[in-house]
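Reading through the structure tokens given below for one structure.
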Amino acid sequence: MAAVAADPAAVDAAEDREPQRKAVPGLESQRRQIKSSESGRERPLRAGESWFLVEQHWYQQWELYVQGGDQDSSTFPGCINNAKLFEDQVNWRLKKGLVEGEDYVLLPEAAWHYLVSWYGLEHGQPPIERKVVVPSSLCICCVGTPAYAPFQVVELLSIQEVEVYPVELLLVQHSDMDTPCTAQFSHTDSVDLVLRTAREQFLVSPQEETRLWVKNAEGSFERLCNTRVTVLDAALKTGQLVVMETRNKDGTWPSAQPHTTKSASEDENFQGQPGICGLTNLGNTCFMNSALQCLSNVPQLTEYFLKNRYLEELNFCNPLGMKGEIAEAYADLVKQAWSGHHRSIVPHVFKTKVGHFASQFLGYQQHDSQELLSFLLDGLHEDLNRVKKKEYVELCDAAGRPDQEVAQEAWQNHKRRNDSVIVDTFHGLFKSTLVCPDCGNVSVTFDPFCYLSVPLPVSHKRVMEVFFVSMDPRRKPEQHRLVVPKKGKISDLCVALAKHTGVSPERMMVADVFSHRFYKIYQLEESLSSILDRDDIFIYEVSGRSAIGENSREDVVLPIYLRERTPARDYNNSYYGLMLFGHPLLVSVPRDRLSWDALYHILLYRLSRYVTRPSSDDEDDGDEKDLEDKDNIPKPGHVAGGSSQDPGPEQAGPSSGVAGGSRAPVDNSAGPSHWPQRARRKHLFTLQTVNSNGTSDRSTFNEDTHGVSFSSQPYIAIDWEPEMKKRYYDEVEAEGYVKHDCVGYVLKKAPVRLQECIELFTTVETLEKENPWYCPSCKQHQLATKKLDLWMLPETLIIHLKRFSYTKFSREKLDTLVEFPIRDLDFSEFVIKPQNESAPELYKYDLIAVSNHYGGLRDGHYTTFACNKDSGQWHYFDDSSVSPVTENQIESKAAYVLFYQRQDVARRLQPQPASSDPPASLGSSSPPNSEFMDVN
């Protein structure tokens with residue numbers, strides 16, 4: 001019990017208890033009632049009860065009076081007078097060092113009231129009421145528990161004492177730190193009593209929200225969050241300063257500091273529509289802003305926080321919760337957003353709290369709004385769980401019992417451990433049916449859910465863009481758009497391309513080209529899922545007789561890179577670097593007659609569309625030193641050439657693209673057989689074997705009289721001197737390509753109805769190998785069939801559209817348009833629980849919010865559409881920007897998470913009519929962001 005110094009109420013109460021002389025019992029009866037009866041001072045102390053101090057001299061005088069047996073004796077004690085126990089007659093503070101039995105005696109409450117009714121209390125004096133407590137030195141945490149004497153703990157804990165000197169706290173308001181008010185509290189009093197006492201002292205109205213801070217020994221301030229603990233548990237000491245602050249009208253706290261240096265006066269007169277408030281993007285936090293805006297526009301949840309009902313339900317002891325911090329941080333956001341005094345607020349404190357309790361949201365990377373929403377709903381539930389001590393509940397299978405009975409049992413068990421505003425608002429009930437494929441055992445359970453994650457109907461087709469490179473050097477590469485099976489193979493890609501080009505799939509090789517090199521060359525049996533949409537896929541026409549790494553073939557396919565020599569940046573320019581450029585090639589060449597000279601001319605022919613043949617004047621400039629020996633066979637790193645004439649089509653072989661098949665050049669082509677023949681030519685480039693990246697030279701060719709053989713897969717680099725490349729290599733032509741007619745084809749994605757997604761959600765499926773079910777009948781894990789049905793729906797239904805698909809090889813986002821109704825979404829056909837025909841509104845929902853995601857997987861942006869609970873107007877929330885929209889703007893391919901409210905709930909809440917005021921323009925603001933008090 002608190003006792004504020006010189007409390008007039010206590011004095012008045014004492015005066016009201018003036019003695020009624022005619023009701024005074026006999027002296028012997030008085031003695032028994034005060035000393036030895038159940039209500040007397042000899043009875044044992046009981047923790048928490050009140051005892052009163054009586055001045056020792058007055059009590060001895062009373063004892064002498066009643067022992068004399070004469071009511072008219074001169075030993076009559078008169079009114080109870082405790083003046084000797086007080087330091088002064090103004091503040092009525094007890095003297096220090098008072099000793100029981102010498103300065104005062106203790107009386108239980110009943111005995112005290114008897115004496116006051118018989119003798120009265122000295123005018124103006126307050127009663128000295130004190131509580132019985134367990135001494136702090138005997139707290140259970142401080143008492144040893146030896147195994148040999150456990151009874152000693154009980155005996156020690158049974159010792160009680162009267163708290164003669166209570167805790168004296170200095171109460172101040174945050175707005176006036178210089179005028180403290182002293183108040184006394186028992187160690188057993190709750191912190192809530194301290195708060196209520198402060199509110200009474202500073203005349204704070206019941207509508208205003210307040211909270212307490214305490215100044216510790218280091219001089220810093222800490223929040224007294226849990227007001228249900230005792231003064232002892234809160235470690236409050238006599239003389240400590242306790243500060244009470246009152247929430248501002250704009251939803252902020254005076255103790256919080258602005259996040260920016262913007263003057264607070266800029267918005268102090270702003271008055272807008274409550275709830276129409278943006279959230280500043282702190283750096284890739286649009287996902288968080290979107291989830292918060294959706295949740296903020298759930299009417300019953302927001303009313304719960306605005307009306308402070310959460311204060312009584314904060315659960316600070318839940319080991320699964322977050323000590324009430326997430327709930328308080330969210331409440332602060334809601335109060336600011338719905339104060340009507342902000343155009344935009346900075347959710348810095350909330351972001352910090354989320355990162356503290358969920359490390360996956362630390363930092364400023366982009367995340368999923370649905371994932372944050374899931375965390376937030378779970379965190380709010382545990383922080384506001386009305387169940388303080390969760391009991392163990394055993395989950396039971398249906399075992400043939402009626403669904404109604406099993407469902408009711410499951411829901412009651414859920415509520416025994418989980419009871420919060422989140423459960424009241426968002427939780428529903430599934431029916432889950434598992435069937436064993438071996439023994440046919442059926443398992444039926446009912447499980448709670450907080451949101452529905454529904455799949456989208458997925459097309460089994462996939463559109464892929466590729467470039468086709470023909471063996472005919474006159475033809476530019478062609479861009480093709482192909483429709484292939486989503487779970488197909490590389491061979492399916494070749495078959496689809498063959499329909500456009502007429503080239504047999506057996507004469508195609510598929511490669512992923514990245515940074516002028518082959519990132520991967522695919523085998524026909526590999527899965528298409530290993531190719532991502534962003535990959536640059538080239539399909540090369542090769543000889544039907546050739547393949548990579550197969551020695552039995554007559555031809556071999558050589559990967560060809562293009563490199564240019566560039567001067568290195570050293571002081572003497574003595575070293576030349578090599579840089580890859582252009583598109584690489586896959587060229588099939590004859591194995592048995594392969595030489596460096598033949599390879600040079602084959603490549604010269606394949607590059608002839610964009611490599612110019614030197615003219616007769618240029619040829620005289622050739623380096624004759626390299627060509628003195630006309631029988632010379634070039635070595636790797638040297639120029640190729642020196643034969644008396646170029647190899648003709650018959651020398652190059654059918655795999656060169658010069659002869660054989662329909663791709664051979666016609667008579668007027670510029671093929672090797674039609675070039676002017678000279679003994680010596682200027683050579684445009686050199687050839688070099690390299691590693692698969694084209695970054696380092698290596699020697700893998702072994703030359704003999706039969707040509708060139710290799711011990712491992714060779715990669716060949718065509719090395720150009722800068723001057724030669726500038727004169728003879730046409731970069732524009734080399735990069736040119738044409739688009740096939742199929743590029744204009746678009747695989748149309750027909751829109752799907754939301755009801756189709758829900759039907760797909762309730763369809764029977766077979767469990768995956770990674771997640772089998774243990775059959776209690778077979779006693780082993782089985783790939784059972786599973787079916788989910790909706791049994792009971794919540795007041796607010798959250799539907800998550802599973803747009804993101806993640807597999808071992810691919811990640812994709814489905815941009816299918818889902819058509820969802822704004823009003824009258826009817827779930828009666830999906831709920832299998834026997835329905836109440838007289839209440840169809842229990843199955844009909846209206847849309848209240850949508851979280852949108854724009855962009856792809858690696859980058860994207862989240863926004864929100866939400867309907868204001870007061871005005872009924874829809875708004876578009878894009879971080880700090882907010883603008884009104886019409887209902888026909890809400891449905892789009894970006895819709896990601898949908899919030900629906902049951903129609904009977906909407907009627908129960910009865911929203912206020914829309915305001916006639918026009919919407920205010922919206923911008924940014926500078927709300928507080930600190931959780932620590934700054935009293936200076």
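Going through the structure tokens in order, the chains are called A, B, and so on, while each chain numbers its residues from 1 and the ligands are numbered from 1 in the order shown.
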Residues of segment 487-571 of chain A classed as strand (DSSP E) by DSSP on the backbone are to be reported as number ranges by chain. A: 508-514, 517-521, 537-541, 546-547, 555-567
Phe804 of chain A surroundings by only C-alpha atoms, 12 Å radius, close-in-sequence under 4 positions cut, as a ChimeraX atom specification: /A:368,370,453-456,458,800,810-816,853,855-858,894,896
Got time to write the residues from that selection, N, CA, C and O atoms, as a PDB file, in the first residue's frame?
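As a result, out.pdb now contains:
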```
ATOM      1  N   ASP A 368      11.470 -10.978 -47.957  1.00  0.00           N
ATOM      2  CA  ASP A 368      10.120 -11.309 -48.411  1.00  0.00           C
ATOM      3  C   ASP A 368       9.115 -10.727 -47.427  1.00  0.00           C
ATOM      4  O   ASP A 368       9.212 -10.958 -46.221  1.00  0.00           O
ATOM      5  N   GLN A 370       6.069 -11.577 -46.961  1.00  0.00           N
ATOM      6  CA  GLN A 370       5.297 -12.642 -46.304  1.00  0.00           C
ATOM      7  C   GLN A 370       6.091 -13.280 -45.182  1.00  0.00           C
ATOM      8  O   GLN A 370       5.546 -13.637 -44.140  1.00  0.00           O
ATOM      9  N   SER A 453      -1.125 -20.423 -47.634  1.00  0.00           N
ATOM     10  CA  SER A 453      -0.154 -20.283 -48.721  1.00  0.00           C
ATOM     11  C   SER A 453      -0.641 -21.146 -49.874  1.00  0.00           C
ATOM     12  O   SER A 453      -0.496 -22.375 -49.856  1.00  0.00           O
ATOM     13  N   VAL A 454      -1.251 -20.514 -50.868  1.00  0.00           N
ATOM     14  CA  VAL A 454      -1.900 -21.262 -51.946  1.00  0.00           C
ATOM     15  C   VAL A 454      -1.017 -21.247 -53.183  1.00  0.00           C
ATOM     16  O   VAL A 454      -0.413 -20.230 -53.530  1.00  0.00           O
ATOM     17  N   PRO A 455      -0.904 -22.401 -53.872  1.00  0.00           N
ATOM     18  CA  PRO A 455      -0.099 -22.456 -55.100  1.00  0.00           C
ATOM     19  C   PRO A 455      -0.844 -21.841 -56.271  1.00  0.00           C
ATOM     20  O   PRO A 455      -2.075 -21.746 -56.270  1.00  0.00           O
ATOM     21  N   LEU A 456      -0.086 -21.423 -57.270  1.00  0.00           N
ATOM     22  CA  LEU A 456      -0.666 -20.932 -58.514  1.00  0.00           C
ATOM     23  C   LEU A 456      -0.596 -22.051 -59.549  1.00  0.00           C
ATOM     24  O   LEU A 456       0.408 -22.791 -59.588  1.00  0.00           O
ATOM     25  N   VAL A 458       0.540 -23.896 -62.460  1.00  0.00           N
ATOM     26  CA  VAL A 458       1.805 -23.696 -63.171  1.00  0.00           C
ATOM     27  C   VAL A 458       1.723 -24.330 -64.543  1.00  0.00           C
ATOM     28  O   VAL A 458       1.282 -25.477 -64.691  1.00  0.00           O
ATOM     29  N   HIS A 800      -1.652 -16.050 -49.007  1.00  0.00           N
ATOM     30  CA  HIS A 800      -0.329 -15.834 -49.601  1.00  0.00           C
ATOM     31  C   HIS A 800      -0.271 -16.570 -50.935  1.00  0.00           C
ATOM     32  O   HIS A 800      -0.415 -17.801 -50.987  1.00  0.00           O
ATOM     33  N   SER A 810      16.911 -23.936 -60.262  1.00  0.00           N
ATOM     34  CA  SER A 810      16.295 -22.716 -60.771  1.00  0.00           C
ATOM     35  C   SER A 810      15.487 -22.003 -59.699  1.00  0.00           C
ATOM     36  O   SER A 810      15.052 -22.606 -58.716  1.00  0.00           O
ATOM     37  N   ARG A 811      15.353 -20.732 -59.922  1.00  0.00           N
ATOM     38  CA  ARG A 811      14.474 -19.896 -59.108  1.00  0.00           C
ATOM     39  C   ARG A 811      13.675 -19.032 -60.072  1.00  0.00           C
ATOM     40  O   ARG A 811      14.228 -18.449 -60.992  1.00  0.00           O
ATOM     41  N   GLU A 812      12.406 -18.959 -59.842  1.00  0.00           N
ATOM     42  CA  GLU A 812      11.591 -18.165 -60.746  1.00  0.00           C
ATOM     43  C   GLU A 812      10.424 -17.537 -60.002  1.00  0.00           C
ATOM     44  O   GLU A 812      10.038 -17.984 -58.923  1.00  0.00           O
ATOM     45  N   LYS A 813       9.914 -16.484 -60.588  1.00  0.00           N
ATOM     46  CA  LYS A 813       8.731 -15.819 -60.070  1.00  0.00           C
ATOM     47  C   LYS A 813       7.616 -15.952 -61.100  1.00  0.00           C
ATOM     48  O   LYS A 813       7.812 -15.663 -62.278  1.00  0.00           O
ATOM     49  N   LEU A 814       6.460 -16.379 -60.639  1.00  0.00           N
ATOM     50  CA  LEU A 814       5.300 -16.504 -61.515  1.00  0.00           C
ATOM     51  C   LEU A 814       4.567 -15.173 -61.551  1.00  0.00           C
ATOM     52  O   LEU A 814       4.097 -14.698 -60.519  1.00  0.00           O
ATOM     53  N   ASP A 815       4.494 -14.574 -62.740  1.00  0.00           N
ATOM     54  CA  ASP A 815       3.807 -13.285 -62.859  1.00  0.00           C
ATOM     55  C   ASP A 815       2.396 -13.466 -63.413  1.00  0.00           C
ATOM     56  O   ASP A 815       1.852 -12.590 -64.075  1.00  0.00           O
ATOM     57  N   THR A 816       1.805 -14.641 -63.118  1.00  0.00           N
ATOM     58  CA  THR A 816       0.432 -14.917 -63.562  1.00  0.00           C
ATOM     59  C   THR A 816      -0.536 -13.933 -62.906  1.00  0.00           C
ATOM     60  O   THR A 816      -0.432 -13.640 -61.712  1.00  0.00           O
ATOM     61  N   HIS A 853       4.315  -7.205 -55.045  1.00  0.00           N
ATOM     62  CA  HIS A 853       5.745  -7.335 -55.355  1.00  0.00           C
ATOM     63  C   HIS A 853       5.954  -7.111 -56.847  1.00  0.00           C
ATOM     64  O   HIS A 853       5.381  -7.809 -57.674  1.00  0.00           O
ATOM     65  N   GLY A 855       8.872  -6.694 -60.019  1.00  0.00           N
ATOM     66  CA  GLY A 855      10.241  -7.048 -60.360  1.00  0.00           C
ATOM     67  C   GLY A 855      10.471  -8.541 -60.278  1.00  0.00           C
ATOM     68  O   GLY A 855       9.550  -9.345 -60.166  1.00  0.00           O
ATOM     69  N   GLY A 856      11.767  -8.904 -60.342  1.00  0.00           N
ATOM     70  CA  GLY A 856      12.144 -10.307 -60.366  1.00  0.00           C
ATOM     71  C   GLY A 856      12.636 -10.795 -59.027  1.00  0.00           C
ATOM     72  O   GLY A 856      12.366 -10.210 -57.972  1.00  0.00           O
ATOM     73  N   LEU A 857      13.414 -11.901 -59.086  1.00  0.00           N
ATOM     74  CA  LEU A 857      13.879 -12.537 -57.856  1.00  0.00           C
ATOM     75  C   LEU A 857      15.020 -11.771 -57.212  1.00  0.00           C
ATOM     76  O   LEU A 857      15.066 -11.592 -56.000  1.00  0.00           O
ATOM     77  N   ARG A 858      15.973 -11.317 -58.021  1.00  0.00           N
ATOM     78  CA  ARG A 858      17.161 -10.683 -57.457  1.00  0.00           C
ATOM     79  C   ARG A 858      16.913  -9.239 -57.051  1.00  0.00           C
ATOM     80  O   ARG A 858      17.602  -8.697 -56.203  1.00  0.00           O
ATOM     81  N   ALA A 894       1.088  -8.055 -59.747  1.00  0.00           N
ATOM     82  CA  ALA A 894       2.006  -7.882 -58.616  1.00  0.00           C
ATOM     83  C   ALA A 894       1.413  -8.350 -57.293  1.00  0.00           C
ATOM     84  O   ALA A 894       2.142  -8.452 -56.306  1.00  0.00           O
ATOM     85  N   TYR A 896       0.553 -10.159 -54.138  1.00  0.00           N
ATOM     86  CA  TYR A 896       1.358 -11.205 -53.518  1.00  0.00           C
ATOM     87  C   TYR A 896       0.702 -11.768 -52.248  1.00  0.00           C
ATOM     88  O   TYR A 896       0.607 -12.976 -52.078  1.00  0.00           O
TER      89      TYR A 896
END
```
As number ranges by chain, please: the residues near segment 216-230 of chain A (cut-off 6 Å, only C-alpha atoms, same-chain neighbours under 6 positions excluded). A: 188-192
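Counting only C-alpha atoms and comparing A:Ile537, A:Ile531, A:Pro477, A:Leu94, the residue that lies closest to Arg609 of chain A is A:Pro477.
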Selection: 12 Å around Lys769 of chain A, only C-alpha atoms, excl. self and same-chain fewer than 5 positions, as a PyMOL selection string: chain A and resi 781-784
Counting only C-alpha atoms, what is within 12 Å of Phe899 of chain A, bar same-chain residues fewer than 3 positions away, as an MDAnalysis selection string? chainID A and resid 291 293:299 370 373 425:426 450:452 794:801 820:823 825 845:852 864:867 895:896 902
Leaving out Ser420 of chain A and any residue of its chain fewer than 6 positions from it, which residues lie within 9 Å of it when counting only C-alpha atoms, given as a PyMOL selection string? chain A and resi 313+380-387
Excluding same-chain residues fewer than 5 positions from segment 555-563 of chain A, what lies within 6 Å of it counting only C-alpha atoms, as a PyMOL selection string? chain A and resi 545-548+578-581+584-591+715-719
Atoms kept (C-alpha atoms) for selection, written as a compact mmCIF listing (two decimals), in the first residue's frame:
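Here's the written file selection_18.txt:
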```txt
# COMPACT_ATOMS: atom_id res chain seq x y z
CA ARG A 545 30.10 -37.07 -87.53
CA SER A 546 31.60 -34.98 -84.73
CA ALA A 547 31.34 -34.73 -80.98
CA ILE A 548 33.43 -33.49 -78.09
CA LEU A 578 45.63 -11.08 -74.00
CA MET A 579 41.95 -10.10 -73.73
CA LEU A 580 38.99 -12.19 -74.88
CA PHE A 581 36.45 -10.56 -77.19
CA PRO A 584 33.29 -18.00 -79.25
CA LEU A 585 32.71 -20.73 -81.83
CA LEU A 586 32.30 -24.49 -81.89
CA VAL A 587 33.94 -25.74 -85.09
CA SER A 588 34.04 -29.38 -86.24
CA VAL A 589 37.22 -30.32 -88.10
CA PRO A 590 38.52 -33.62 -89.61
CA ARG A 591 40.58 -35.57 -87.14
CA TYR A 715 40.53 -25.19 -76.60
CA ILE A 716 41.96 -23.04 -79.38
CA ALA A 717 42.53 -19.28 -79.19
CA ILE A 718 42.74 -17.05 -82.23
CA ASP A 719 45.18 -14.31 -81.21
```
